[in-house]
Every structure is written in C-alpha cells, then in structure tokens.
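J.: My structure file query_5.pdb, PDB, C-alpha atoms, is below:
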ATOM      1  CA  MET J  60     161.478  76.691 152.448  1.00  0.00           C
ATOM      2  CA  GLY J  61     163.015  74.799 155.327  1.00  0.00           C
ATOM      3  CA  LYS J  62     164.598  71.387 154.984  1.00  0.00           C
ATOM      4  CA  SER J  63     162.588  68.337 155.922  1.00  0.00           C
ATOM      5  CA  LYS J  64     163.707  66.691 159.139  1.00  0.00           C
ATOM      6  CA  SER J  65     162.221  63.315 158.170  1.00  0.00           C
ATOM      7  CA  LYS J  66     165.655  62.001 157.155  1.00  0.00           C
ATOM      8  CA  ASN J  67     166.864  62.385 160.710  1.00  0.00           C
ATOM      9  CA  LYS J  68     163.746  60.881 162.226  1.00  0.00           C
ATOM     10  CA  LYS J  69     164.482  57.631 164.056  1.00  0.00           C
ATOM     11  CA  SER J  70     162.191  54.667 163.477  1.00  0.00           C
ATOM     12  CA  ASN J  71     160.002  53.444 166.267  1.00  0.00           C
ATOM     13  CA  ASP J  72     161.889  50.744 168.187  1.00  0.00           C
ATOM     14  CA  THR J  73     158.711  48.676 168.521  1.00  0.00           C
ATOM     15  CA  GLU J  74     158.451  48.154 164.743  1.00  0.00           C
ATOM     16  CA  LEU J  75     159.759  44.811 163.537  1.00  0.00           C
ATOM     17  CA  TYR J  76     161.416  44.378 160.164  1.00  0.00           C
ATOM     18  CA  ILE J  77     162.620  41.281 158.357  1.00  0.00           C
ATOM     19  CA  LYS J  78     165.925  41.380 156.511  1.00  0.00           C
ATOM     20  CA  VAL J  79     165.739  39.316 153.334  1.00  0.00           C
ATOM     21  CA  PRO J  80     169.035  38.056 151.878  1.00  0.00           C
ATOM     22  CA  GLY J  81     169.784  39.672 148.531  1.00  0.00           C
ATOM     23  CA  MET J  82     167.472  42.624 149.164  1.00  0.00           C
ATOM     24  CA  THR J  83     168.664  46.063 150.136  1.00  0.00           C
ATOM     25  CA  LYS J  84     165.529  46.891 152.117  1.00  0.00           C
ATOM     26  CA  SER J  85     163.953  45.196 155.089  1.00  0.00           C
ATOM     27  CA  ILE J  86     160.318  44.099 154.964  1.00  0.00           C
ATOM     28  CA  ASN J  87     157.746  44.978 157.566  1.00  0.00           C
ATOM     29  CA  PRO J  88     155.850  41.793 158.617  1.00  0.00           C
ATOM     30  CA  SER J  89     152.518  43.622 158.254  1.00  0.00           C
ATOM     31  CA  LEU J  90     153.348  44.003 154.546  1.00  0.00           C
ATOM     32  CA  VAL J  91     154.000  40.260 154.300  1.00  0.00           C
ATOM     33  CA  ILE J  92     150.644  39.545 155.954  1.00  0.00           C
ATOM     34  CA  SER J  93     148.890  42.009 153.669  1.00  0.00           C
ATOM     35  CA  LEU J  94     150.414  40.437 150.550  1.00  0.00           C
ATOM     36  CA  SER J  95     149.607  36.913 151.734  1.00  0.00           C
ATOM     37  CA  ASN J  96     145.921  37.873 151.963  1.00  0.00           C
ATOM     38  CA  ILE J  97     145.759  38.607 148.237  1.00  0.00           C
ATOM     39  CA  ASP J  98     143.903  35.717 146.608  1.00  0.00           C
ATOM     40  CA  TYR J  99     143.792  37.011 143.054  1.00  0.00           C
ATOM     41  CA  PRO J 100     146.515  37.029 140.385  1.00  0.00           C
ATOM     42  CA  LEU J 101     148.816  39.998 140.090  1.00  0.00           C
ATOM     43  CA  PHE J 102     150.115  40.255 136.538  1.00  0.00           C
ATOM     44  CA  SER J 103     153.758  40.929 135.694  1.00  0.00           C
ATOM     45  CA  TYR J 104     155.128  41.669 132.228  1.00  0.00           C
ATOM     46  CA  LYS J 105     158.793  41.576 133.237  1.00  0.00           C
ATOM     47  CA  TYR J 106     159.518  38.432 131.184  1.00  0.00           C
ATOM     48  CA  LEU J 107     157.116  39.122 128.294  1.00  0.00           C
ATOM     49  CA  GLN J 108     158.635  37.997 125.000  1.00  0.00           C
ATOM     50  CA  ASN J 109     158.141  40.155 121.931  1.00  0.00           C
ATOM     51  CA  VAL J 110     156.362  37.404 119.959  1.00  0.00           C
ATOM     52  CA  SER J 111     152.867  37.195 118.391  1.00  0.00           C
ATOM     53  CA  PHE J 112     151.124  40.128 120.123  1.00  0.00           C
ATOM     54  CA  ASN J 113     153.627  42.611 118.654  1.00  0.00           C
ATOM     55  CA  LYS J 114     152.205  41.964 115.159  1.00  0.00           C
ATOM     56  CA  GLN J 115     148.579  42.440 116.238  1.00  0.00           C
ATOM     57  CA  LYS J 116     147.082  45.653 114.819  1.00  0.00           C
ATOM     58  CA  ASP J 117     143.467  45.043 115.815  1.00  0.00           C
ATOM     59  CA  ALA J 118     142.629  47.266 118.788  1.00  0.00           C
ATOM     60  CA  SER J 119     139.676  45.042 119.709  1.00  0.00           C
ATOM     61  CA  PHE J 120     142.126  42.237 120.566  1.00  0.00           C
ATOM     62  CA  PHE J 121     143.797  44.418 123.212  1.00  0.00           C
ATOM     63  CA  HIS J 122     140.460  45.655 124.536  1.00  0.00           C
ATOM     64  CA  GLU J 123     139.306  42.064 124.985  1.00  0.00           C
ATOM     65  CA  PHE J 124     142.656  41.158 126.554  1.00  0.00           C
ATOM     66  CA  ILE J 125     142.403  43.925 129.190  1.00  0.00           C
ATOM     67  CA  CYS J 126     138.823  42.924 129.981  1.00  0.00           C
ATOM     68  CA  ARG J 127     139.997  39.329 130.358  1.00  0.00           C
ATOM     69  CA  LEU J 128     142.771  40.296 132.808  1.00  0.00           C
ATOM     70  CA  HIS J 129     140.257  42.288 134.819  1.00  0.00           C
ATOM     71  CA  GLN J 130     137.949  39.266 135.016  1.00  0.00           C
ATOM     72  CA  TYR J 131     140.810  37.026 136.191  1.00  0.00           C
ATOM     73  CA  SER J 132     141.628  39.565 138.899  1.00  0.00           C
ATOM     74  CA  THR J 133     138.065  39.524 140.209  1.00  0.00           C
ATOM     75  CA  LEU J 134     137.875  35.728 140.403  1.00  0.00           C
ATOM     76  CA  GLY J 135     140.855  34.705 142.476  1.00  0.00           C
ATOM     77  CA  TRP J 136     143.080  31.659 142.206  1.00  0.00           C
ATOM     78  CA  GLN J 137     140.644  29.299 143.949  1.00  0.00           C
ATOM     79  CA  GLU J 138     137.803  30.103 141.554  1.00  0.00           C
ATOM     80  CA  MET J 139     140.169  29.894 138.590  1.00  0.00           C
ATOM     81  CA  GLN J 140     141.230  26.422 139.716  1.00  0.00           C
ATOM     82  CA  THR J 141     137.629  25.171 139.616  1.00  0.00           C
ATOM     83  CA  SER J 142     136.719  26.902 136.345  1.00  0.00           C
ATOM     84  CA  GLY J 143     137.096  25.107 133.013  1.00  0.00           C
ATOM     85  CA  ARG J 144     140.425  25.484 131.212  1.00  0.00           C
ATOM     86  CA  HIS J 145     138.733  27.130 128.228  1.00  0.00           C
ATOM     87  CA  SER J 146     136.736  29.425 130.466  1.00  0.00           C
ATOM     88  CA  PHE J 147     138.519  31.288 133.263  1.00  0.00           C
ATOM     89  CA  GLY J 148     140.545  28.343 134.500  1.00  0.00           C
ATOM     90  CA  PHE J 149     144.067  27.319 133.643  1.00  0.00           C
ATOM     91  CA  GLU J 150     146.041  24.312 132.518  1.00  0.00           C
ATOM     92  CA  TYR J 151     149.689  23.335 132.553  1.00  0.00           C
ATOM     93  CA  LEU J 152     151.795  22.978 129.421  1.00  0.00           C
ATOM     94  CA  PRO J 153     155.113  21.122 129.097  1.00  0.00           C
ATOM     95  CA  GLN J 154     157.972  23.415 128.107  1.00  0.00           C
ATOM     96  CA  THR J 155     158.745  21.099 125.179  1.00  0.00           C
ATOM     97  CA  LYS J 156     155.482  22.167 123.473  1.00  0.00           C
ATOM     98  CA  MET J 157     156.628  25.774 123.092  1.00  0.00           C
ATOM     99  CA  LYS J 158     157.459  27.025 119.587  1.00  0.00           C
ATOM    100  CA  HIS J 159     159.679  29.860 120.878  1.00  0.00           C
ATOM    101  CA  SER J 160     162.630  30.135 123.227  1.00  0.00           C
ATOM    102  CA  LEU J 161     161.845  30.717 126.861  1.00  0.00           C
ATOM    103  CA  PRO J 162     163.600  33.395 128.913  1.00  0.00           C
ATOM    104  CA  THR J 163     166.520  32.176 131.039  1.00  0.00           C
ATOM    105  CA  ILE J 164     164.465  32.634 134.214  1.00  0.00           C
ATOM    106  CA  ILE J 165     162.515  29.532 133.139  1.00  0.00           C
ATOM    107  CA  THR J 166     164.422  26.517 134.403  1.00  0.00           C
ATOM    108  CA  PRO J 167     163.333  22.932 133.591  1.00  0.00           C
ATOM    109  CA  ASP J 168     161.447  22.655 136.905  1.00  0.00           C
ATOM    110  CA  VAL J 169     159.166  25.661 136.207  1.00  0.00           C
ATOM    111  CA  ASP J 170     155.571  24.737 135.378  1.00  0.00           C
ATOM    112  CA  LEU J 171     154.187  26.785 132.489  1.00  0.00           C
ATOM    113  CA  MET J 172     150.557  27.775 132.911  1.00  0.00           C
ATOM    114  CA  ILE J 173     148.065  28.580 130.196  1.00  0.00           C
ATOM    115  CA  LEU J 174     145.307  31.095 130.773  1.00  0.00           C
ATOM    116  CA  ARG J 175     143.155  32.422 127.956  1.00  0.00           C
ATOM    117  CA  SER J 176     143.982  35.853 126.545  1.00  0.00           C
ATOM    118  CA  SER J 177     140.621  36.104 124.801  1.00  0.00           C
ATOM    119  CA  ASN J 178     137.209  34.480 124.548  1.00  0.00           C
ATOM    120  CA  ASP J 179     138.359  32.486 121.492  1.00  0.00           C
ATOM    121  CA  ASN J 180     140.898  30.437 123.500  1.00  0.00           C
ATOM    122  CA  LYS J 181     144.095  32.181 122.423  1.00  0.00           C
ATOM    123  CA  ALA J 182     146.758  31.497 125.018  1.00  0.00           C
ATOM    124  CA  LEU J 183     148.327  33.584 127.708  1.00  0.00           C
ATOM    125  CA  VAL J 184     151.450  31.633 128.719  1.00  0.00           C
ATOM    126  CA  GLY J 185     153.335  32.293 131.917  1.00  0.00           C
ATOM    127  CA  PHE J 186     154.266  30.968 135.306  1.00  0.00           C
ATOM    128  CA  ARG J 187     153.014  31.551 138.809  1.00  0.00           C
ATOM    129  CA  GLU J 188     155.226  32.803 141.602  1.00  0.00           C
ATOM    130  CA  TRP J 189     153.109  33.078 144.740  1.00  0.00           C
ATOM    131  CA  ASN J 190     150.207  35.242 143.574  1.00  0.00           C
ATOM    132  CA  ILE J 191     152.120  36.814 140.711  1.00  0.00           C
ATOM    133  CA  PHE J 192     151.434  35.489 137.235  1.00  0.00           C
ATOM    134  CA  HIS J 193     154.462  36.320 135.089  1.00  0.00           C
ATOM    135  CA  ILE J 194     153.270  36.623 131.501  1.00  0.00           C
ATOM    136  CA  ILE J 195     155.778  35.243 128.987  1.00  0.00           C
ATOM    137  CA  PHE J 196     153.676  35.073 125.806  1.00  0.00           C
ATOM    138  CA  ILE J 197     150.428  36.669 124.675  1.00  0.00           C
ATOM    139  CA  GLU J 198     149.039  34.729 121.741  1.00  0.00           C
ATOM    140  CA  ALA J 199     147.394  37.096 119.256  1.00  0.00           C
ATOM    141  CA  ASN J 200     146.943  34.464 116.555  1.00  0.00           C
ATOM    142  CA  PHE J 201     145.892  30.898 117.284  1.00  0.00           C
ATOM    143  CA  ASN J 202     148.850  28.435 117.318  1.00  0.00           C
ATOM    144  CA  ASP J 203     151.512  31.199 117.318  1.00  0.00           C
ATOM    145  CA  ILE J 204     152.954  30.119 120.669  1.00  0.00           C
ATOM    146  CA  TYR J 205     152.292  26.357 120.716  1.00  0.00           C
ATOM    147  CA  ASP J 206     150.314  23.864 118.662  1.00  0.00           C
ATOM    148  CA  HIS J 207     146.875  23.677 120.297  1.00  0.00           C
ATOM    149  CA  SER J 208     145.970  20.410 118.553  1.00  0.00           C
ATOM    150  CA  SER J 209     148.628  18.287 120.259  1.00  0.00           C
TER
END
What would you get if you wrote out this structure as structure tokens?
T.:
Amino acid sequence: MGKSKSKNKKSNDTELYIKVPGMTKSINPSLVISLSNIDYPLFSYKYLQNVSFNKQKDASFFHEFICRLHQYSTLGWQEMQTSGRHSFGFEYLPQTKMKHSLPTIITPDVDLMILRSSNDNKALVGFREWNIFHIIFIEANFNDIYDHSS
C-alpha cells in the first residue's frame, strides 16, 4: 500500500483559524459558531467525585438516571430555567452546604447548580461552563451530598 500524502497537503489559505492561548491546536471559527448554537446541556464527568453513587447497587437507579439526562438534553437551558426546581429545572446551592470536599477546580466564585438525578428529587450537583454541565456528585441516597432540609 502506498503512503498517504495527506500529511503533506497544505491547508487552504482562505480558511481562518483562531489560536487560543494554552491550547496546542487552533480553532476554526465555524466550529465556534456551531458550538454556540447548542442550547442544551452537554454533560461532563471529568470532575465526578466517587461519593454516594459508587455504593448504589440498584440497576433501576442508573436506568432512571440515564433517562433523566436524556430528558435534560432534549429540553435545553432556556426550558430548564423556566421549569420547577423539583421538575426539570435547577437551583443554586452555596458551597458551604456540601457534606463532601469539592475538587480544586471549584473556586469560591463558582456557583454550584442542583439538577435532579431521579424523579424522587435526589441531587445531581455540578457547575455550568458555557453549555457544559460538569457533574461533581450524583446523589444515590437522599441527603448523601447535602442536607435537603436546610
């Protein structure tokens, strides 16, 4: 088989790329526009803490959780904002209410958001960065992550 010549192929001079400090790759503006048109949450597990959900053995909990994430993704941030906090909306929670340590990425100025991980109001705690919702905690048992009564 012959070698691919794509490595030697020069890029089209009419294409525009944005160099972002701290990144090794440039970004095509059409990608930025495409990403900015996403109105629904994209879920990240990068900062997920191994608390509460790791002790859950009931498969139905995880089935319900996946269905819940799918529903959030079909609604979009605007609809979530107008939905009730115990439905498909969200609320903010002070960091001081947390029962567990937060990852170092969470600085005092970061607003923690609560979504519901299930239909019985167990919490999904994280923070929003643009349209990415970074999940920090998945509450498998009520009050594992924070005291819901206060």
J.: Please determine, counting only C-alpha atoms, which residue among J:Asn200, J:Tyr99, J:Leu174, J:Lys84 has the shortest atom-to-atom distance to J:Arg144.
T.: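 Closest to J:Arg144, using only C-alpha atoms: J:Leu174.
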J.: List the neighbours of J:Asp206 out to 8 Å using all atoms listed in the file; skip same-chain residues closer than 2 positions along the sequence, and give me the result as an mmCIF file with C-alpha atoms, keeping the file's coordinate frame.
T.:
data_model
loop_
_atom_site.group_PDB
_atom_site.id
_atom_site.type_symbol
_atom_site.label_atom_id
_atom_site.label_comp_id
_atom_site.auth_asym_id
_atom_site.auth_seq_id
_atom_site.Cartn_x
_atom_site.Cartn_y
_atom_site.Cartn_z
ATOM 1 C CA LYS J 156 155.482 22.167 123.473
ATOM 2 C CA MET J 157 156.628 25.774 123.092
ATOM 3 C CA LYS J 158 157.459 27.025 119.587
ATOM 4 C CA ASN J 202 148.850 28.435 117.318
ATOM 5 C CA ASP J 203 151.512 31.199 117.318
ATOM 6 C CA ILE J 204 152.954 30.119 120.669
ATOM 7 C CA SER J 208 145.970 20.410 118.553
ATOM 8 C CA SER J 209 148.628 18.287 120.259
#
J.: Any idea what the distance is between atom CA of J:Tyr205 and atom CA of J:Asp98?
T.: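 According to the coordinates, atom CA of J:Tyr205 and atom CA of J:Asp98 are separated by 28.8 Å.
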J.: Measure the distance from atom CA of J:Ile86 to atom CA of J:Gly135 in Å and round it to one decimal.
T.: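 Between atom CA of J:Ile86 and atom CA of J:Gly135 the gap is 25.0 Å.
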J.: Tell me which of J:Gly143, J:Gly148, J:Pro167, J:Pro100 sits closest to J:His193, counting all atoms listed in the file.
T.: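 The closest residue to J:His193 is J:Pro100.
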J.: Hey, what comes out of the PyMOL selection byres ((chain J and resi 169) around 12) on this file? Could you write it as a list in words?
T.: Tyr151, Leu152, Pro153, Gln154, Thr155, Leu161, Pro162, Thr163, Ile164, Ile165, Thr166, Pro167, Asp168, Asp170, Leu171, Met172, Gly185, Phe186, Arg187, Glu188 and His193 of chain J
J.: For atom CA of J:Lys114 and atom CA of J:Ile197, quote the distance in Å rounded to one decimal.
T.: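 Computing the Euclidean distance for atom CA of J:Lys114 and atom CA of J:Ile197 yields 11.0 Å.
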J.: Leaving out J:Gln137 and any residue of its chain fewer than 3 positions from it, which residues lie within 12 Å of it when counting only C-alpha atoms, given as a short mmCIF file (atom, residue, chain, number, x, y, z; two decimals) with C-alpha atoms, in the frame of the given file?
T.:
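Ended up saving to out_18.cif:
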data_model
loop_
_atom_site.label_atom_id
_atom_site.label_comp_id
_atom_site.auth_asym_id
_atom_site.auth_seq_id
_atom_site.Cartn_x
_atom_site.Cartn_y
_atom_site.Cartn_z
CA ILE J 97 145.76 38.61 148.24
CA ASP J 98 143.90 35.72 146.61
CA TYR J 99 143.79 37.01 143.05
CA PRO J 100 146.51 37.03 140.38
CA TYR J 131 140.81 37.03 136.19
CA SER J 132 141.63 39.56 138.90
CA THR J 133 138.06 39.52 140.21
CA LEU J 134 137.88 35.73 140.40
CA GLN J 140 141.23 26.42 139.72
CA THR J 141 137.63 25.17 139.62
CA SER J 142 136.72 26.90 136.34
CA PHE J 147 138.52 31.29 133.26
CA GLY J 148 140.54 28.34 134.50
CA PHE J 149 144.07 27.32 133.64
CA ASN J 190 150.21 35.24 143.57
#
J.: I'd like the neighbourhood of J:Phe120 as a list in words, where a residue qualifies if any of its atoms comes within 12 Å (using all atoms listed in the file), though same-chain residues fewer than 6 positions away should be ignored.
T.: Phe112, Asn113, Lys114, Cys126, Arg127, Ser176, Ser177, Asn178, Asp179, Lys181, Ile197, Glu198, Ala199 and Asn200 of chain J
J.: Output as a short mmCIF file (atom, residue, chain, number, x, y, z; two decimals), keeping the file's coordinate frame: stretch 96-131 of chain J, completed with N, CA and C atoms.
T.:
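For reference, out02.cif as written:
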data_model
loop_
_atom_site.label_atom_id
_atom_site.label_comp_id
_atom_site.auth_asym_id
_atom_site.auth_seq_id
_atom_site.Cartn_x
_atom_site.Cartn_y
_atom_site.Cartn_z
N ASN J 96 147.38 37.88 152.00
CA ASN J 96 145.92 37.87 151.96
C ASN J 96 145.36 38.12 150.57
N ILE J 97 146.21 38.40 149.61
CA ILE J 97 145.76 38.61 148.24
C ILE J 97 145.52 37.24 147.61
N ASP J 98 144.28 37.01 147.17
CA ASP J 98 143.90 35.72 146.61
C ASP J 98 143.82 35.76 145.08
N TYR J 99 143.96 36.89 144.50
CA TYR J 99 143.79 37.01 143.05
C TYR J 99 145.15 37.18 142.38
N PRO J 100 145.22 36.90 141.07
CA PRO J 100 146.51 37.03 140.38
C PRO J 100 146.93 38.49 140.19
N LEU J 101 148.19 38.72 140.42
CA LEU J 101 148.82 40.00 140.09
C LEU J 101 149.63 39.72 138.83
N PHE J 102 149.48 40.53 137.82
CA PHE J 102 150.12 40.26 136.54
C PHE J 102 151.41 41.04 136.37
N SER J 103 152.45 40.33 135.95
CA SER J 103 153.76 40.93 135.69
C SER J 103 154.12 40.70 134.23
N TYR J 104 154.69 41.74 133.62
CA TYR J 104 155.13 41.67 132.23
C TYR J 104 156.65 41.70 132.12
N LYS J 105 157.33 41.49 133.21
CA LYS J 105 158.79 41.58 133.24
C LYS J 105 159.45 40.63 132.23
N TYR J 106 158.91 39.44 132.05
CA TYR J 106 159.52 38.43 131.18
C TYR J 106 158.77 38.26 129.85
N LEU J 107 157.89 39.20 129.52
CA LEU J 107 157.12 39.12 128.29
C LEU J 107 158.04 39.12 127.08
N GLN J 108 157.84 38.12 126.22
CA GLN J 108 158.64 38.00 125.00
C GLN J 108 157.92 38.72 123.85
N ASN J 109 158.68 39.36 123.03
CA ASN J 109 158.14 40.16 121.93
C ASN J 109 157.80 39.25 120.74
N VAL J 110 156.78 38.40 120.95
CA VAL J 110 156.36 37.40 119.96
C VAL J 110 154.84 37.45 119.86
N SER J 111 154.30 37.30 118.69
CA SER J 111 152.87 37.20 118.39
C SER J 111 152.11 38.50 118.62
N PHE J 112 151.93 38.94 119.86
CA PHE J 112 151.12 40.13 120.12
C PHE J 112 151.68 41.38 119.44
N ASN J 113 153.00 41.43 119.23
CA ASN J 113 153.63 42.61 118.65
C ASN J 113 153.23 42.85 117.19
N LYS J 114 152.65 41.83 116.55
CA LYS J 114 152.21 41.96 115.16
C LYS J 114 150.70 42.26 115.07
N GLN J 115 150.03 42.24 116.21
CA GLN J 115 148.58 42.44 116.24
C GLN J 115 148.25 43.93 116.09
N LYS J 116 147.46 44.26 115.08
CA LYS J 116 147.08 45.65 114.82
C LYS J 116 145.63 45.94 115.18
N ASP J 117 144.88 44.90 115.51
CA ASP J 117 143.47 45.04 115.82
C ASP J 117 143.29 45.49 117.27
N ALA J 118 142.81 46.71 117.44
CA ALA J 118 142.63 47.27 118.79
C ALA J 118 141.63 46.47 119.61
N SER J 119 140.67 45.81 118.96
CA SER J 119 139.68 45.04 119.71
C SER J 119 140.32 43.86 120.44
N PHE J 120 141.41 43.32 119.88
CA PHE J 120 142.13 42.24 120.57
C PHE J 120 142.62 42.72 121.92
N PHE J 121 143.24 43.90 121.97
CA PHE J 121 143.80 44.42 123.21
C PHE J 121 142.70 44.84 124.19
N HIS J 122 141.59 45.32 123.67
CA HIS J 122 140.46 45.66 124.54
C HIS J 122 139.95 44.39 125.22
N GLU J 123 139.77 43.34 124.44
CA GLU J 123 139.31 42.06 124.98
C GLU J 123 140.31 41.49 125.98
N PHE J 124 141.59 41.65 125.67
CA PHE J 124 142.66 41.16 126.55
C PHE J 124 142.60 41.85 127.92
N ILE J 125 142.48 43.17 127.92
CA ILE J 125 142.40 43.92 129.19
C ILE J 125 141.16 43.52 129.98
N CYS J 126 140.05 43.37 129.30
CA CYS J 126 138.82 42.92 129.98
C CYS J 126 139.02 41.54 130.59
N ARG J 127 139.72 40.68 129.88
CA ARG J 127 140.00 39.33 130.36
C ARG J 127 140.86 39.36 131.63
N LEU J 128 141.92 40.17 131.62
CA LEU J 128 142.77 40.30 132.81
C LEU J 128 141.97 40.81 134.00
N HIS J 129 141.10 41.76 133.74
CA HIS J 129 140.26 42.29 134.82
C HIS J 129 139.38 41.18 135.40
N GLN J 130 138.79 40.36 134.54
CA GLN J 130 137.95 39.27 135.02
C GLN J 130 138.75 38.27 135.85
N TYR J 131 139.96 37.92 135.40
CA TYR J 131 140.81 37.03 136.19
C TYR J 131 141.07 37.62 137.58
#
